[in-house]
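Beneath this line is the structure, given in structure tokens, with notes to follow.
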Amino acid sequence: MGFSLFGIFIPYYGFFILVGIVCAFFFGLIVTKKRHFDVNDYIIVCAYLVGFGFIGAKILYILVSIKNIDFSLIFRDLKTFDSFMTSGFVFYGGLLGGLLAFVFLKKWHKINSSEYIKVITPALAIAHCFGRIGCSFAGCCYGKSTTSFFAFIYKESIVAPNNVPLVPIQGIEAFSLFILSLLFLWIAIKKPKVKIHYIYIGFYSVLRFFLEFYRGDIERGLYKGLSTSQIISLVLFILVCIKFIFEIINKQKKSKISITS
């Protein structure tokens, strides 16, 4: 699904991904300038995140959908290979790949990961938002069928079932992420000490875990009744909680030391 511009067919998914990347860049640039960080470092961070995020999102998609992928067809010709490489991504793979990128940024470029990860958080949220809008237009990641009036009906989708009222799962997620991105943008500028990346991961983990119950597509991987994304959500939420608890304990220890000294 897509539209034509000057005789060139542009798929909705790719278009909204591009819009999301552009918006994310400017969101991050706003925070970078407000915080008086090095713009050159910010551009390097963006380049790494796009590269590592793309690879991570693609790898996790392959792992989740490997049973339904015919690799002999993918490498049959350039068209099918291009189609495979430009579609089919899993957000959590991109997130994990992006987090890995910060390890190399700190080691190779001596960039302060703890500061730039706060800069990137509102940018990531807005990019994620447009990614979900792209999913909605393309028909992927669609919701279960519903009898509720709050539904979305596809007419010409090649992915989602047509003429069936579906839970607008992509729209719900996109709206939530849009609100988060604006909130995080404000916090990143006005409250720079707040570790918004923990809030983002924690909130999104909970949101994604429950929204997965209303997903209708099958390419999500299932284990013990839970999808791959739900398992990752649980792990990330637990890790964020543990990290948060340890930081509270460390602050209390430091305050006691400062009082006694």
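So you can find residues: chains in the structure tokens are A, B, ... in the order shown, residues in each start at 1, and ligands are numbered from 1 in order.
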Residue list (strand (DSSP E), DSSP) for stretch 61-174 of chain A, as JSON, numbers by chain: {"A": [152, 153, 165, 166]}
Export of prior selection with N, CA, C and O atoms as a PDB file, in the first residue's frame:
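To be explicit, this is the file written out as selection.pdb:
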ATOM      1  N   PHE A 152     -11.024  -0.225  13.179  1.00  0.00           N
ATOM      2  CA  PHE A 152     -10.493   0.250  11.897  1.00  0.00           C
ATOM      3  C   PHE A 152     -10.733  -0.848  10.869  1.00  0.00           C
ATOM      4  O   PHE A 152     -10.502  -2.028  11.142  1.00  0.00           O
ATOM      5  N   ILE A 153     -11.198  -0.456   9.674  1.00  0.00           N
ATOM      6  CA  ILE A 153     -11.521  -1.431   8.641  1.00  0.00           C
ATOM      7  C   ILE A 153     -10.661  -1.187   7.403  1.00  0.00           C
ATOM      8  O   ILE A 153     -10.650  -0.078   6.859  1.00  0.00           O
ATOM      9  N   PRO A 165     -13.818  -5.362  10.951  1.00  0.00           N
ATOM     10  CA  PRO A 165     -13.491  -4.382  11.991  1.00  0.00           C
ATOM     11  C   PRO A 165     -12.366  -4.916  12.885  1.00  0.00           C
ATOM     12  O   PRO A 165     -12.481  -6.001  13.462  1.00  0.00           O
ATOM     13  N   LEU A 166     -11.288  -4.159  12.978  1.00  0.00           N
ATOM     14  CA  LEU A 166     -10.120  -4.579  13.756  1.00  0.00           C
ATOM     15  C   LEU A 166      -9.816  -3.569  14.854  1.00  0.00           C
ATOM     16  O   LEU A 166     -10.055  -2.364  14.691  1.00  0.00           O
TER      17      LEU A 166
END
Shell of 12 Å around A:Leu236, only C-alpha atoms, local chain residues under 5 positions omitted, as a VMD selection string: chain A and resid 92 95 to 96 197 to 206 208 to 209 229 to 231 241 to 243
How about saving the chosen residues, N, CA and C atoms kept, as a short mmCIF file (atom, residue, chain, number, x, y, z; two decimals), in the first residue's frame?
data_model
loop_
_atom_site.label_atom_id
_atom_site.label_comp_id
_atom_site.auth_asym_id
_atom_site.auth_seq_id
_atom_site.Cartn_x
_atom_site.Cartn_y
_atom_site.Cartn_z
N TYR A 92 11.61 -3.75 19.13
CA TYR A 92 12.49 -4.11 20.23
C TYR A 92 13.90 -4.47 19.74
N LEU A 95 15.53 -1.19 19.29
CA LEU A 95 15.86 -0.60 20.59
C LEU A 95 17.12 -1.22 21.17
N LEU A 96 17.18 -2.54 21.15
CA LEU A 96 18.35 -3.23 21.69
C LEU A 96 19.60 -2.93 20.87
N HIS A 197 14.92 7.97 29.86
CA HIS A 197 15.03 6.71 29.13
C HIS A 197 14.50 5.54 29.97
N TYR A 198 14.64 5.65 31.29
CA TYR A 198 14.06 4.62 32.16
C TYR A 198 12.54 4.69 32.11
N ILE A 199 12.02 5.91 32.14
CA ILE A 199 10.55 6.10 32.09
C ILE A 199 10.01 5.55 30.77
N TYR A 200 10.73 5.87 29.69
CA TYR A 200 10.30 5.42 28.36
C TYR A 200 10.25 3.90 28.26
N ILE A 201 11.34 3.27 28.66
CA ILE A 201 11.40 1.80 28.57
C ILE A 201 10.37 1.17 29.49
N GLY A 202 10.24 1.70 30.71
CA GLY A 202 9.29 1.14 31.66
C GLY A 202 7.86 1.30 31.19
N PHE A 203 7.49 2.50 30.76
CA PHE A 203 6.12 2.75 30.31
C PHE A 203 5.80 1.95 29.05
N TYR A 204 6.72 1.98 28.09
CA TYR A 204 6.44 1.28 26.84
C TYR A 204 6.37 -0.23 27.04
N SER A 205 7.18 -0.75 27.94
CA SER A 205 7.15 -2.19 28.21
C SER A 205 5.76 -2.62 28.69
N VAL A 206 5.19 -1.82 29.59
CA VAL A 206 3.85 -2.13 30.11
C VAL A 206 2.81 -1.98 29.00
N ARG A 208 3.21 -2.10 25.72
CA ARG A 208 3.37 -3.12 24.68
C ARG A 208 2.90 -4.48 25.17
N PHE A 209 3.18 -4.79 26.43
CA PHE A 209 2.78 -6.09 26.97
C PHE A 209 1.27 -6.28 26.86
N SER A 229 7.64 -10.17 21.91
CA SER A 229 7.64 -8.79 22.42
C SER A 229 7.18 -8.73 23.88
N GLN A 230 6.25 -9.59 24.26
CA GLN A 230 5.80 -9.61 25.65
C GLN A 230 6.90 -10.10 26.58
N ILE A 231 7.64 -11.09 26.14
CA ILE A 231 8.75 -11.62 26.95
C ILE A 231 9.82 -10.55 27.11
N CYS A 241 13.21 -1.67 36.74
CA CYS A 241 12.84 -1.61 38.16
C CYS A 241 14.04 -1.89 39.06
N ILE A 242 14.83 -2.90 38.70
CA ILE A 242 16.03 -3.24 39.48
C ILE A 242 17.02 -2.08 39.47
N LYS A 243 17.22 -1.50 38.29
CA LYS A 243 18.13 -0.36 38.16
C LYS A 243 17.65 0.81 39.01
#
Between atom CA of A:Phe6 and atom CA of A:Ala127, distance in Å (one decimal):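 One can read the atom CA of A:Phe6 to atom CA of A:Ala127 distance as 26.0 Å.
Among the candidates A:Val31, A:Ile172, A:Ile55, A:Val240, the one nearest to A:Lys191 when counting only C-alpha atoms is A:Val31.
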Atom CA of A:Ser114 to atom CA of A:Lys33, straight-line distance in Å: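 Taking atom CA of A:Lys33 as the start and atom CA of A:Ser114 as the end point, the length is 16.8 Å.
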Select from stretch 16-116 of chain A every residue with an atom at most 10 Å from any atom of stretch 180-185 of chain A, then for each give the shortest pair of atoms and their distance in Å to one decimal, using only C-alpha atoms, rows by chain and rising number, as a tab-separated table.
residue	atom	partner	partner_atom	distance
A:Ala24	CA	A:Ser181	CA	9.5
A:Phe27	CA	A:Leu185	CA	7.2
A:Gly28	CA	A:Leu185	CA	8.5
A:Ile30	CA	A:Leu185	CA	8.6
A:Val31	CA	A:Leu185	CA	7.3
Go ahead and write the selection's residues with N, CA, C and O atoms as a PDB file, in the first residue's frame.
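Listing of again35.pdb after writing:
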ATOM      1  N   ALA A  24      12.530  12.894  14.265  1.00  0.00           N
ATOM      2  CA  ALA A  24      13.391  12.476  15.377  1.00  0.00           C
ATOM      3  C   ALA A  24      14.685  13.271  15.383  1.00  0.00           C
ATOM      4  O   ALA A  24      15.168  13.697  16.440  1.00  0.00           O
ATOM      5  N   PHE A  27      13.917  16.730  16.708  1.00  0.00           N
ATOM      6  CA  PHE A  27      13.631  16.664  18.149  1.00  0.00           C
ATOM      7  C   PHE A  27      14.939  16.607  18.930  1.00  0.00           C
ATOM      8  O   PHE A  27      15.154  17.347  19.892  1.00  0.00           O
ATOM      9  N   GLY A  28      15.822  15.697  18.502  1.00  0.00           N
ATOM     10  CA  GLY A  28      17.104  15.555  19.173  1.00  0.00           C
ATOM     11  C   GLY A  28      17.972  16.793  19.023  1.00  0.00           C
ATOM     12  O   GLY A  28      18.695  17.175  19.954  1.00  0.00           O
ATOM     13  N   ILE A  30      16.948  19.883  18.750  1.00  0.00           N
ATOM     14  CA  ILE A  30      16.428  20.909  19.659  1.00  0.00           C
ATOM     15  C   ILE A  30      17.016  20.738  21.056  1.00  0.00           C
ATOM     16  O   ILE A  30      17.505  21.689  21.674  1.00  0.00           O
ATOM     17  N   VAL A  31      16.975  19.491  21.548  1.00  0.00           N
ATOM     18  CA  VAL A  31      17.509  19.211  22.889  1.00  0.00           C
ATOM     19  C   VAL A  31      19.018  19.447  22.921  1.00  0.00           C
ATOM     20  O   VAL A  31      19.553  20.006  23.888  1.00  0.00           O
TER      21      VAL A  31
END
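If you look at atom CA of A:Leu105 and atom CA of A:Phe52, they are 11.3 Å away from each other.
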Contact residues around A:Val159 with only C-alpha atoms at 10 Å, ignoring same-chain residues under 4 positions, as a list of chain:residue names: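 Here the qualifying residues turn out to be A:Met1, A:Ala138, A:Gly139, A:Cys140, A:Cys141, A:Tyr142, A:Tyr154, A:Asp217.
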A:Gly134 surroundings by only C-alpha atoms, 8 Å radius, close-in-sequence under 5 positions cut, as a list in words: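 The residues satisfying every condition are Tyr12, Tyr13, Gly14, Phe15, Phe16 and Ile17 of chain A.
With only C-alpha atoms as the atoms that count, the residue of A:Val64, A:Leu49, A:Ala57, A:Ala160 with the shortest distance to A:Leu99 is A:Leu49.
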